[in-house]
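Q: The following block contains the structure, expressed as structure tokens.
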Amino acid sequence: MTTYPKTAALMRRGTDFLGCETAIMCGAMSWVSERNLVAAISNAGGFGVIACGAMTPELLDREIAATKALTSKPFGVNLITMHPGLFDLIAVCRKHGVTHVVLAGGIPPKGSVEAIKEGGAKVICFAPTLALAKKLLRSGADAMVIEGMEAGGHIGPVSTSVLAQEILPELAADHLIFVAGGIGRGEAIASYLEMGAAGVQLGTRFACATESIAHPDFKKAFFRASAREAVASVQVDPRLPVIPVRALKNKGTEEFTAKQREVAALLDAGEVDMGEAQLQIEHFWAGALRRAVIEGDVENGSVMAGQSVGMVTKEEPAADIIAELMSQCEAALAR
Ligand SMILES: Cc1cc2nc3c(=O)[nH]c(=O)nc-3n(C[C@H](O)[C@H](O)[C@H](O)COP(=O)(O)O)c2cc1C
């Protein structure tokens with residue numbers, strides 16, 4: 001078996017915490033991170049995370065059970081904080097003895113961190129700023145993911161390199177911090193580990209793994225794309241808030257801009273109120289990711305992808321991707 005002694009030493013705190021061999025997490029990707037990819041990542045020594053997204057507790061129950069049938073290794077579950085059934089979903093994780101719950105999408109509601117920890121699981125949160133990272137750690141989060149705007153999916157405004165420089169020197173010695181966003185090669189992993197990160201989280205690089213159930217056309221769109229085609233959605237009107245999403249430029253991203261203008265005009269004309277206007281904006285993307293990932297409609301759907309998409313050139317087993325990242329990291333650390 002190949003060993004990566006320098007990498008393993010720097011990842012030790014992360015692997016001890018996650019209970020796996022390499023502190024490389026595959027970030028939850030709605031529709032993509034289901035039983036097959038999650039189990040493949042964990043079986044390959046990484047840490048797979050189920051994307052619960054908008055699943056009902058019943059669906060999550062089934063997904064966890066199915067994942068457990070495919071791997072005996074630890075994996076996590078990513079829950080979106082604004083899910084109306086958050087506490088029921090936490091109960092499902094508890095029933096299955098899920099060891100790690102990742103809370104994404106905003107500040108965890110009161111009692112949620114406690115509810116997860118009472119069940120014996122570890123809590124991982126996202127921190128967009130140093131101040132919030134400190135607050136979440138004080139509130140009981142066991143580890144943090146700091147994710148820069150190079151990432152695929154919903155993003156904040158700051159780059160990974162700046163977040164890492166702001167947060168790692170302050171917190172990494174005493175806390176477990178995983179770095180995400182824009183990581184495509186092991187050399188980048190080495191640099192964040194040397195800055196004190198306990199590990200990393202990647203999404204884009206794993207989305208087209210052989211085990212990923214994403215539609216062949218979704219994968220082809222990734223293989224064709226370059227970094228500059230993975231663009232963040234733009235907010236057109238200050239009254240209509242849009243959380244930026246990084247996805248491949250296509251007809252859908254253009255129509256989203258047009259839709260915002262159309263809704264703003266309706267608002268100006270008094271034909272819709274603010275609530276209805278915001279709802280129309282939100283609904284535009286509902287189902288768009290599913291359309292691209294599952295149905296393969298990469299023209300009108302949302303092909304969420306990070307800037308590292310240019311480094312995704314072919315379908316490979318998850319184990320090969322992890323092995324390549326680890327050997328690149330090891331070589332960089334040995335230099
Ligand atoms: C297709 C896609 C879907 C995603 N869906 C989610 C999600 O449902 N929940 C979440 O917390 N993050 C989501 N993400 C973010 C990933 O979990 C991960 O943090 C991110 O991809 C890391 O950055 P990278 O894309 O540069 O590797 C998604 C990313 C992609 C590419």
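FYI, nothing fancy with the structure tokens labels: chains A, B, ... in order, residues from 1 per chain, ligands from 1 as they appear.
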Residues at most 7 Å from ligand 1, using only C-alpha atoms and all ligand atoms? Could they come as JSON, numbers by chain?

A: {"A": [26, 27, 28, 29, 30, 32, 51, 53, 78, 104, 105, 147, 150, 151, 152, 153, 154, 180, 181, 182, 183, 184, 201, 202, 203, 204, 205, 207, 303, 304, 305, 306, 307, 308]}

Q: Identify, on the basis of only C-alpha atoms, every residue whose closest approach to Val242 of chain A does not exceed 8 Å; exclude the query and any residue fewer than 5 positions from it along the same chain; express the result as a ChimeraX atom specification.

A: /A:234-235,281

Q: Taking only segment 183-320 of chain A into account, list the residues labelled strand (DSSP E or B) by DSSP (computed from the backbone), as a list in words.

A: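 So the strand (DSSP E or B) residues in segment 183-320 of chain A would be Gly199, Val200, Gln201, Leu202, Ala230, Val231, Ala232, Val245, Arg246, Ala247, Leu248 and Met304 of chain A.
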
Q: Which residues are close to segment 55-59 of chain A, i.e. within 10 Å by only C-alpha atoms, leaving aside same-chain residues fewer than 4 positions away? Reply as a list in words.

A: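 Final neighbour list, sorted by chain and number: Ser30, Ala51, Glu63, Ile64, Ala65, Leu79, His83, Pro84, Gly85, Leu86, Phe87, Asp88, Leu89, Ile90, Ala91, Val92 and Cys93 of chain A.
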
Q: Considering only C-alpha atoms, return as an NGL selection string whatever protein or nucleic-acid residues lie within 12 Å of Glu276 of chain A, sequence-local ones (same chain, fewer than 4 positions apart) excluded.

A: :A and (240 or 263-264 or 266-267 or 270-272 or 280-283)

Q: Which residues of segment 167-263 of chain A come within 9 Å of segment 327-330 of chain A, and for each one, what is the closest pair of atoms and their distance in Å to one decimal, counting only C-alpha atoms, sorted by chain and residue number, as CSV?

A:
```
residue,atom,partner,partner_atom,distance
A:Arg185,CA,A:Gln328,CA,6.9
A:Gly186,CA,A:Cys329,CA,4.0
A:Glu187,CA,A:Cys329,CA,4.9
A:Ala188,CA,A:Cys329,CA,7.5
A:Ile189,CA,A:Cys329,CA,6.2
A:Ala190,CA,A:Cys329,CA,5.0
A:Ser191,CA,A:Cys329,CA,8.5
```

Q: Give me a file of those residues, with all heavy atoms, as a short mmCIF file (atom, residue, chain, number, x, y, z; two decimals), in the first residue's frame.

A:
```cif
data_model
loop_
_atom_site.label_atom_id
_atom_site.label_comp_id
_atom_site.auth_asym_id
_atom_site.auth_seq_id
_atom_site.Cartn_x
_atom_site.Cartn_y
_atom_site.Cartn_z
N ARG A 185 -5.51 20.35 -7.12
CA ARG A 185 -4.30 19.52 -7.10
C ARG A 185 -3.75 19.41 -5.68
O ARG A 185 -4.04 20.23 -4.82
CB ARG A 185 -3.22 20.13 -8.00
CG ARG A 185 -3.56 20.10 -9.49
CD ARG A 185 -2.40 20.66 -10.31
NE ARG A 185 -1.15 19.97 -10.01
CZ ARG A 185 -0.62 18.98 -10.76
NH1 ARG A 185 -1.22 18.57 -11.83
NH2 ARG A 185 0.52 18.43 -10.40
N GLY A 186 -2.88 18.38 -5.51
CA GLY A 186 -2.32 18.12 -4.19
C GLY A 186 -1.37 19.21 -3.69
O GLY A 186 -1.21 19.39 -2.48
N GLU A 187 -0.74 19.94 -4.62
CA GLU A 187 0.19 21.00 -4.18
C GLU A 187 -0.57 22.05 -3.36
O GLU A 187 -0.04 22.60 -2.39
CB GLU A 187 0.85 21.69 -5.39
CG GLU A 187 1.84 20.82 -6.14
CD GLU A 187 1.18 19.94 -7.21
OE1 GLU A 187 -0.06 19.79 -7.19
OE2 GLU A 187 1.91 19.39 -8.05
N ALA A 188 -1.79 22.34 -3.78
CA ALA A 188 -2.61 23.33 -3.04
C ALA A 188 -2.97 22.77 -1.67
O ALA A 188 -2.97 23.49 -0.66
CB ALA A 188 -3.87 23.67 -3.83
N ILE A 189 -3.24 21.47 -1.62
CA ILE A 189 -3.55 20.84 -0.32
C ILE A 189 -2.34 20.98 0.59
O ILE A 189 -2.46 21.36 1.76
CB ILE A 189 -3.91 19.33 -0.52
CG1 ILE A 189 -5.16 19.21 -1.38
CG2 ILE A 189 -4.09 18.64 0.83
CD1 ILE A 189 -5.59 17.79 -1.71
N ALA A 190 -1.14 20.72 0.04
CA ALA A 190 0.09 20.83 0.84
C ALA A 190 0.22 22.22 1.44
O ALA A 190 0.55 22.38 2.62
CB ALA A 190 1.30 20.51 -0.03
N SER A 191 -0.08 23.24 0.64
CA SER A 191 0.12 24.61 1.15
C SER A 191 -0.85 24.92 2.28
O SER A 191 -0.46 25.54 3.27
CB SER A 191 0.01 25.63 0.01
OG SER A 191 -1.33 25.78 -0.37
#
```

Q: Atom CA of Ala121 of chain A and atom CA of Phe17 of chain A are how many Å apart?

A: 11.2 Å

Q: Could you tell me how far atom CA of Val98 of chain A sits from atom CA of Ala40 of chain A, in Å to one decimal place?

A: 17.0 Å

Q: May I ask for the distance between atom CA of Val38 of chain A and atom CA of Asp297 of chain A, given in Å to one decimal place?

A: 23.5 Å
